[in-house]
>>> print(open('target_24.pdb').read())   # PDB, C-alpha atoms
ATOM      1  CA  MET A   1      -4.589   1.382 -12.513
ATOM      2  CA  ILE A   2      -6.745   3.779 -14.479
ATOM      3  CA  ARG A   3      -4.833   6.863 -15.579
ATOM      4  CA  ASP A   4      -7.360   9.412 -14.343
ATOM      5  CA  SER A   5      -7.750   8.037 -10.827
ATOM      6  CA  VAL A   6      -6.829   9.890  -7.648
ATOM      7  CA  LYS A   7      -3.890   7.537  -7.102
ATOM      8  CA  SER A   8      -2.510   8.065 -10.590
ATOM      9  CA  ARG A   9      -2.798  11.862 -10.250
ATOM     10  CA  ILE A  10      -1.044  11.795  -6.865
ATOM     11  CA  THR A  11       1.639   9.437  -8.182
ATOM     12  CA  GLN A  12       2.269  11.631 -11.218
ATOM     13  CA  ALA A  13       2.426  14.793  -9.101
ATOM     14  CA  VAL A  14       5.032  13.226  -6.811
ATOM     15  CA  LEU A  15       6.996  11.885  -9.795
ATOM     16  CA  ASP A  16       7.092  15.420 -11.200
ATOM     17  CA  GLN A  17       8.721  16.619  -7.945
ATOM     18  CA  LEU A  18      11.497  14.007  -7.923
ATOM     19  CA  PRO A  19      15.060  14.814  -8.940
ATOM     20  CA  GLU A  20      15.780  13.700 -12.499
ATOM     21  CA  GLN A  21      18.130  10.864 -11.520
ATOM     22  CA  SER A  22      15.341   9.101  -9.595
ATOM     23  CA  GLN A  23      12.620   9.241 -12.249
ATOM     24  CA  LEU A  24      10.319   6.225 -12.652
ATOM     25  CA  GLU A  25       7.524   5.272 -14.981
ATOM     26  CA  LEU A  26       4.026   5.897 -13.666
ATOM     27  CA  SER A  27       3.006   2.221 -13.822
ATOM     28  CA  ILE A  28       6.086   1.021 -11.917
ATOM     29  CA  ALA A  29       5.715   3.732  -9.286
ATOM     30  CA  ALA A  30       2.014   3.035  -8.826
ATOM     31  CA  LYS A  31       2.578  -0.682  -8.275
ATOM     32  CA  SER A  32       5.360  -0.207  -5.744
ATOM     33  CA  TRP A  33       4.106   2.848  -3.817
ATOM     34  CA  TRP A  34       0.594   1.788  -2.811
ATOM     35  CA  VAL A  35      -0.377  -1.063  -0.483
ATOM     36  CA  ASN A  36      -3.469  -1.724  -2.612
ATOM     37  CA  ILE A  37      -3.073  -0.619  -6.227
ATOM     38  CA  ARG A  38      -6.786  -0.790  -7.015
ATOM     39  CA  ASN A  39      -8.394   2.613  -7.390
ATOM     40  CA  ASP A  40     -10.813   1.999  -4.533
ATOM     41  CA  GLY A  41      -8.183   0.414  -2.277
ATOM     42  CA  GLY A  42      -7.332   3.427  -0.150
ATOM     43  CA  LEU A  43      -4.325   5.738  -0.138
ATOM     44  CA  ARG A  44      -2.005   3.789   2.168
ATOM     45  CA  LEU A  45       1.658   3.934   1.154
ATOM     46  CA  THR A  46       4.250   1.181   1.264
ATOM     47  CA  GLU A  47       7.763   1.711   2.606
ATOM     48  CA  VAL A  48       8.887   2.428  -0.981
ATOM     49  CA  GLY A  49       6.122   4.994  -1.409
ATOM     50  CA  LYS A  50       7.136   6.721   1.811
ATOM     51  CA  LEU A  51      10.731   6.836   0.578
ATOM     52  CA  TYR A  52       9.770   8.482  -2.722
ATOM     53  CA  PHE A  53       7.471  10.963  -0.989
ATOM     54  CA  SER A  54      10.481  11.876   1.189
ATOM     55  CA  LEU A  55      12.715  12.211  -1.882
ATOM     56  CA  ALA A  56      10.152  14.567  -3.393
ATOM     57  CA  GLU A  57      10.152  16.534  -0.111
ATOM     58  CA  ILE A  58       6.399  16.236   0.377
ATOM     59  CA  GLU A  59       5.265  17.751   3.688
ATOM     60  CA  TYR A  60       4.011  15.266   6.267
ATOM     61  CA  PHE A  61       2.691  15.085   9.801
ATOM     62  CA  ASP A  62       3.297  12.175  12.196
ATOM     63  CA  LEU A  63       0.598  11.357  14.739
ATOM     64  CA  PRO A  64       0.749   8.573  17.341
ATOM     65  CA  LEU A  65      -1.351   5.410  17.091
ATOM     66  CA  ASP A  66      -2.173   3.251  20.081
ATOM     67  CA  TYR A  67      -3.446  -0.175  19.006
ATOM     68  CA  LYS A  68      -4.786  -1.093  22.452
ATOM     69  CA  LYS A  69      -6.624   2.220  22.681
ATOM     70  CA  SER A  70      -8.200   1.488  19.312
ATOM     71  CA  ILE A  71      -9.597  -1.842  20.435
ATOM     72  CA  THR A  72     -10.946  -0.604  23.771
ATOM     73  CA  LYS A  73     -12.331   2.628  22.335
ATOM     74  CA  ASN A  74     -13.983   1.213  19.243
ATOM     75  CA  GLN A  75     -14.495  -2.451  20.163
ATOM     76  CA  THR A  76     -13.076  -3.391  16.775
ATOM     77  CA  THR A  77     -10.131  -5.284  15.366
ATOM     78  CA  TRP A  78      -6.998  -3.747  13.912
ATOM     79  CA  ASN A  79      -7.922  -5.006  10.430
ATOM     80  CA  ALA A  80     -11.355  -3.405  10.643
ATOM     81  CA  PHE A  81      -9.683  -0.148  11.666
ATOM     82  CA  LEU A  82      -7.345  -0.357   8.657
ATOM     83  CA  MET A  83     -10.342  -0.824   6.379
ATOM     84  CA  GLU A  84     -11.958   2.258   7.916
ATOM     85  CA  LEU A  85      -8.784   4.248   7.213
ATOM     86  CA  ASN A  86      -8.910   3.112   3.582
ATOM     87  CA  HIS A  87     -12.486   4.308   3.236
ATOM     88  CA  LYS A  88     -12.290   7.548   5.207
ATOM     89  CA  LEU A  89      -8.850   9.127   4.762
ATOM     90  CA  THR A  90      -8.695  11.360   1.708
ATOM     91  CA  CYS A  91      -4.930  11.831   1.671
ATOM     92  CA  PRO A  92      -1.934   9.512   1.283
ATOM     93  CA  TYR A  93      -0.795   8.040   4.583
ATOM     94  CA  TYR A  94       1.797   5.624   5.904
ATOM     95  CA  LEU A  95       1.590   3.419   8.989
ATOM     96  CA  GLY A  96       4.906   2.839  10.722
ATOM     97  CA  LYS A  97       6.698   2.196  13.966
ATOM     98  CA  ASN A  98       8.565   4.735  16.054
ATOM     99  CA  ILE A  99      12.074   4.087  17.312
ATOM    100  CA  ALA A 100      10.615   3.416  20.774
ATOM    101  CA  GLY A 101       8.358   0.719  19.294
ATOM    102  CA  GLY A 102       5.095   2.655  19.218
ATOM    103  CA  ALA A 103       3.054   2.982  16.048
ATOM    104  CA  HIS A 104       2.387   6.208  14.174
ATOM    105  CA  ILE A 105       0.474   7.391  11.148
ATOM    106  CA  ARG A 106       2.176   9.741   8.705
ATOM    107  CA  LEU A 107      -0.295  11.994   6.901
ATOM    108  CA  TYR A 108       0.515  13.934   3.750
ATOM    109  CA  ASP A 109      -2.182  16.573   4.169
ATOM    110  CA  SER A 110      -2.078  19.403   6.687
ATOM    111  CA  LYS A 111      -5.863  19.842   6.767
ATOM    112  CA  VAL A 112      -6.518  16.215   7.658
ATOM    113  CA  ALA A 113      -3.719  16.276  10.265
ATOM    114  CA  MET A 114      -5.224  19.407  11.812
ATOM    115  CA  MET A 115      -8.709  17.862  11.906
ATOM    116  CA  ILE A 116      -7.367  14.731  13.599
ATOM    117  CA  SER A 117      -5.602  16.903  16.161
ATOM    118  CA  LEU A 118      -8.849  18.772  16.835
ATOM    119  CA  TYR A 119     -10.730  15.508  17.333
ATOM    120  CA  GLY A 120      -8.063  14.327  19.773
ATOM    121  CA  ASP A 121      -6.836  11.244  17.939
ATOM    122  CA  VAL A 122      -7.184   9.385  14.671
ATOM    123  CA  TYR A 123      -9.716   6.926  16.127
ATOM    124  CA  ASP A 124     -12.231   9.631  17.063
ATOM    125  CA  TYR A 125     -11.713  11.306  13.685
ATOM    126  CA  VAL A 126     -12.340   8.090  11.744
ATOM    127  CA  LYS A 127     -15.345   7.260  13.877
ATOM    128  CA  SER A 128     -16.959  10.640  13.190
ATOM    129  CA  THR A 129     -16.271  11.016   9.460
ATOM    130  CA  LYS A 130     -18.264   9.722   6.548
ATOM    131  CA  ARG A 131     -16.898   7.427   3.881
ATOM    132  CA  ARG A 132     -15.252   9.132   0.934
ATOM    133  CA  LYS A 133     -16.707   8.504  -2.488
TER
END
>>> encode(input="target_24.pdb", output="structure tokens")
Amino acid sequence: MIRDSVKSRITQAVLDQLPEQSQLELSIAAKSWWVNIRNDGGLRLTEVGKLYFSLAEIEYFDLPLDYKKSITKNQTTWNAFLMELNHKLTCPYYLGKNIAGGAHIRLYDSKVAMMISLYGDVYDYVKSTKRRK
């Protein structure tokens, strides 16, 4: 991971917010927090990344995901949708399951969460946005 990438800046900012007893090195955190550690691999968090974001008390917003709705609405596969998220979401996010078994996306940016809410759901938002650079 290149030091001046978006991921490294986000990782360092979260590390700076952690209590002192849970400090990690940047390289170890970067490898364990992100699903794809390459700089162009998207900002999807692993379970460990979600845990450290919670420890740092980073604000988040949970929005529901409906896999079947995604396929019927967009005529695409789940994997293609995940690739679109990697290219179009500009904030860290985590994909998880609710207690009831439904899926959700956890966003760590209030502006993106608000925009998705205005569009109606994450699928319409992703469909209408351009790829990030």
>>> resolve_selection(input="target_24.pdb", expression="the PyMOL selection byres ((chain A and resi 113-119) around 12)", output="JSON, numbers by chain")
{"A": [59, 60, 61, 62, 63, 64, 65, 89, 90, 91, 92, 93, 105, 106, 107, 108, 109, 110, 111, 112, 120, 121, 122, 123, 124, 125, 126, 127, 128, 129]}
>>> closest_residue(input="target_24.pdb", among="A:Glu57, A:Lys88, A:Asp66, A:Gly96", to="A:Leu18", atoms="only C-alpha atoms")
A:Glu57
>>> resolve_selection(input="target_24.pdb", expression="the PyMOL selection byres ((chain A and resi 31) around 12)", output="mmCIF file with C-alpha atoms, in the frame of the given file")
data_model
loop_
_atom_site.group_PDB
_atom_site.id
_atom_site.type_symbol
_atom_site.label_atom_id
_atom_site.label_comp_id
_atom_site.auth_asym_id
_atom_site.auth_seq_id
_atom_site.Cartn_x
_atom_site.Cartn_y
_atom_site.Cartn_z
ATOM 1 C CA MET A 1 -4.589 1.382 -12.513
ATOM 2 C CA LYS A 7 -3.890 7.537 -7.102
ATOM 3 C CA SER A 8 -2.510 8.065 -10.590
ATOM 4 C CA THR A 11 1.639 9.437 -8.182
ATOM 5 C CA LEU A 24 10.319 6.225 -12.652
ATOM 6 C CA GLU A 25 7.524 5.272 -14.981
ATOM 7 C CA LEU A 26 4.026 5.897 -13.666
ATOM 8 C CA SER A 27 3.006 2.221 -13.822
ATOM 9 C CA ILE A 28 6.086 1.021 -11.917
ATOM 10 C CA ALA A 29 5.715 3.732 -9.286
ATOM 11 C CA ALA A 30 2.014 3.035 -8.826
ATOM 12 C CA SER A 32 5.360 -0.207 -5.744
ATOM 13 C CA TRP A 33 4.106 2.848 -3.817
ATOM 14 C CA TRP A 34 0.594 1.788 -2.811
ATOM 15 C CA VAL A 35 -0.377 -1.063 -0.483
ATOM 16 C CA ASN A 36 -3.469 -1.724 -2.612
ATOM 17 C CA ILE A 37 -3.073 -0.619 -6.227
ATOM 18 C CA ARG A 38 -6.786 -0.790 -7.015
ATOM 19 C CA ASN A 39 -8.394 2.613 -7.390
ATOM 20 C CA LEU A 45 1.658 3.934 1.154
ATOM 21 C CA THR A 46 4.250 1.181 1.264
ATOM 22 C CA VAL A 48 8.887 2.428 -0.981
ATOM 23 C CA GLY A 49 6.122 4.994 -1.409
#
>>> atom_distance(input="target_24.pdb", atom1="atom CA of A:Leu95", atom2="atom CA of A:Gln23")
24.6 Å
>>> closest_residue(input="target_24.pdb", among="A:Gly42, A:Ser54, A:His104, A:Glu47", to="A:Leu82", atoms="only C-alpha atoms")
A:Gly42
>>> resolve_selection(input="target_24.pdb", expression="the PyMOL selection byres ((chain A and resi 17) around 9)", output="list in words")
Gln12, Ala13, Val14, Leu15, Asp16, Leu18, Pro19, Glu20, Leu55, Ala56, Glu57 and Ile58 of chain A
>>> atom_distance(input="target_24.pdb", atom1="atom CA of A:Ile10", atom2="atom CA of A:Thr77")
29.5 Å
>>> atom_distance(input="target_24.pdb", atom1="atom CA of A:Ala103", atom2="atom CA of A:Met83")
17.0 Å
>>> closest_residue(input="target_24.pdb", among="A:Val6, A:Gly102, A:Lys130, A:Phe81", to="A:Gly41", atoms="only C-alpha atoms")
A:Val6
>>> closest_residue(input="target_24.pdb", among="A:Ser5, A:Lys50, A:Gly101, A:Arg44", to="A:Asn86", atoms="all atoms listed in the file")
A:Arg44
>>> decode(input="target_24.pdb", residues="chain A", atoms="C-alpha atoms", output="compact mmCIF listing (two decimals), in the first residue's frame")
# COMPACT_ATOMS: atom_id res chain seq x y z
CA MET A 1 0.00 0.00 0.00
CA ILE A 2 1.34 3.39 -0.99
CA ARG A 3 1.57 5.76 1.95
CA ASP A 4 -0.21 8.68 0.30
CA SER A 5 -3.25 6.76 -0.91
CA VAL A 6 -6.82 7.39 0.22
CA LYS A 7 -6.81 4.09 2.12
CA SER A 8 -3.61 4.89 3.97
CA ARG A 9 -4.90 8.35 4.94
CA ILE A 10 -8.19 6.89 6.18
CA THR A 11 -6.38 4.11 8.05
CA GLN A 12 -4.02 6.58 9.71
CA ALA A 13 -6.88 8.90 10.68
CA VAL A 14 -8.75 6.04 12.34
CA LEU A 15 -5.57 4.82 14.06
CA ASP A 16 -5.12 8.31 15.49
CA GLN A 17 -8.61 8.07 17.06
CA LEU A 18 -8.03 4.72 18.77
CA PRO A 19 -7.33 4.43 22.49
CA GLU A 20 -3.63 3.99 23.19
CA GLN A 21 -3.90 0.36 24.32
CA SER A 22 -5.25 -0.70 20.91
CA GLN A 23 -2.66 1.00 18.71
CA LEU A 24 -1.45 -0.83 15.59
CA GLU A 25 1.11 -0.17 12.91
CA LEU A 26 -0.24 1.32 9.70
CA SER A 27 0.88 -1.62 7.53
CA ILE A 28 -0.73 -4.23 9.80
CA ALA A 29 -3.96 -2.24 10.07
CA ALA A 30 -4.14 -1.68 6.32
CA LYS A 31 -3.74 -5.38 5.54
CA SER A 32 -6.37 -6.51 8.02
CA TRP A 33 -8.98 -3.74 7.66
CA TRP A 34 -9.60 -3.69 3.91
CA VAL A 35 -11.11 -6.47 1.79
CA ASN A 36 -8.81 -5.49 -1.09
CA ILE A 37 -5.60 -3.80 0.05
CA ARG A 38 -4.71 -2.46 -3.39
CA ASN A 39 -5.18 1.28 -3.71
CA ASP A 40 -7.73 0.92 -6.50
CA GLY A 41 -9.57 -1.97 -4.82
CA GLY A 42 -12.41 -0.02 -3.25
CA LEU A 43 -13.08 1.01 0.34
CA ARG A 44 -14.87 -2.11 1.60
CA LEU A 45 -14.01 -3.04 5.18
CA THR A 46 -13.47 -6.47 6.67
CA GLU A 47 -14.99 -7.54 9.99
CA VAL A 48 -11.73 -6.46 11.68
CA GLY A 49 -11.90 -3.06 10.00
CA LYS A 50 -15.48 -2.59 11.17
CA LEU A 51 -14.40 -3.47 14.71
CA TYR A 52 -11.61 -0.88 14.73
CA PHE A 53 -13.86 1.78 13.22
CA SER A 54 -16.27 1.05 16.10
CA LEU A 55 -13.44 1.27 18.64
CA ALA A 56 -12.52 4.66 17.20
CA GLU A 57 -16.19 5.69 17.50
CA ILE A 58 -16.50 6.63 13.83
CA GLU A 59 -20.06 7.64 12.91
CA TYR A 60 -21.89 5.24 10.62
CA PHE A 61 -25.23 4.72 8.93
CA ASP A 62 -26.82 1.32 8.26
CA LEU A 63 -29.01 0.94 5.18
CA PRO A 64 -30.82 -2.24 4.09
CA LEU A 65 -29.72 -4.31 1.10
CA ASP A 66 -32.04 -6.66 -0.73
CA TYR A 67 -30.10 -9.07 -2.95
CA LYS A 68 -33.17 -10.23 -4.89
CA LYS A 69 -34.19 -6.63 -5.53
CA SER A 70 -30.71 -5.96 -6.87
CA ILE A 71 -30.92 -8.75 -9.42
CA THR A 72 -34.42 -7.92 -10.64
CA LYS A 73 -33.83 -4.17 -10.69
CA ASN A 74 -30.44 -4.15 -12.37
CA GLN A 75 -30.38 -7.51 -14.18
CA THR A 76 -26.90 -8.08 -12.79
CA THR A 77 -25.13 -10.51 -10.51
CA TRP A 78 -24.19 -9.89 -6.91
CA ASN A 79 -20.48 -9.90 -7.81
CA ALA A 80 -21.01 -7.29 -10.50
CA PHE A 81 -22.87 -5.16 -7.96
CA LEU A 82 -19.96 -5.48 -5.51
CA MET A 83 -17.57 -4.32 -8.22
CA GLU A 84 -19.80 -1.31 -8.87
CA LEU A 85 -19.70 -0.46 -5.15
CA ASN A 86 -15.90 -0.61 -5.25
CA HIS A 87 -15.79 1.81 -8.15
CA LYS A 88 -18.52 4.23 -7.10
CA LEU A 89 -18.57 4.55 -3.30
CA THR A 90 -16.19 7.22 -2.07
CA CYS A 91 -16.36 6.33 1.61
CA PRO A 92 -15.47 3.26 3.68
CA TYR A 93 -18.31 0.76 3.89
CA TYR A 94 -19.03 -2.65 5.35
CA LEU A 95 -21.45 -5.28 4.08
CA GLY A 96 -23.06 -7.38 6.79
CA LYS A 97 -26.07 -9.34 7.89
CA ASN A 98 -28.78 -8.18 10.26
CA ILE A 99 -29.91 -10.29 13.19
CA ALA A 100 -33.05 -11.18 11.21
CA GLY A 101 -30.88 -12.49 8.36
CA GLY A 102 -31.23 -9.57 5.97
CA ALA A 103 -28.20 -7.82 4.52
CA HIS A 104 -27.19 -4.23 5.18
CA ILE A 105 -24.52 -1.78 4.13
CA ARG A 106 -22.80 0.31 6.78
CA LEU A 107 -21.57 3.64 5.42
CA TYR A 108 -19.04 5.84 7.18
CA ASP A 109 -20.05 9.09 5.50
CA SER A 110 -23.21 11.04 6.27
CA LYS A 111 -23.31 12.75 2.86
CA VAL A 112 -23.23 9.49 0.93
CA ALA A 113 -25.83 7.96 3.28
CA MET A 114 -28.09 10.97 2.76
CA MET A 115 -27.71 10.78 -1.03
CA ILE A 116 -28.58 7.07 -1.02
CA SER A 117 -31.65 7.83 1.08
CA LEU A 118 -32.70 10.52 -1.41
CA TYR A 119 -32.31 8.10 -4.32
CA GLY A 120 -34.43 5.53 -2.49
CA ASP A 121 -31.90 2.72 -2.17
CA VAL A 122 -28.26 1.91 -2.76
CA TYR A 123 -28.98 0.24 -6.11
CA ASP A 124 -30.51 3.36 -7.66
CA TYR A 125 -27.69 5.48 -6.24
CA VAL A 126 -24.98 3.23 -7.69
CA LYS A 127 -26.76 3.05 -11.02
CA SER A 128 -26.92 6.84 -11.32
CA THR A 129 -23.42 7.80 -10.13
CA LYS A 130 -20.23 8.00 -12.11
CA ARG A 131 -17.10 6.05 -11.31
CA ARG A 132 -14.72 7.69 -8.87
CA LYS A 133 -11.22 8.42 -10.06
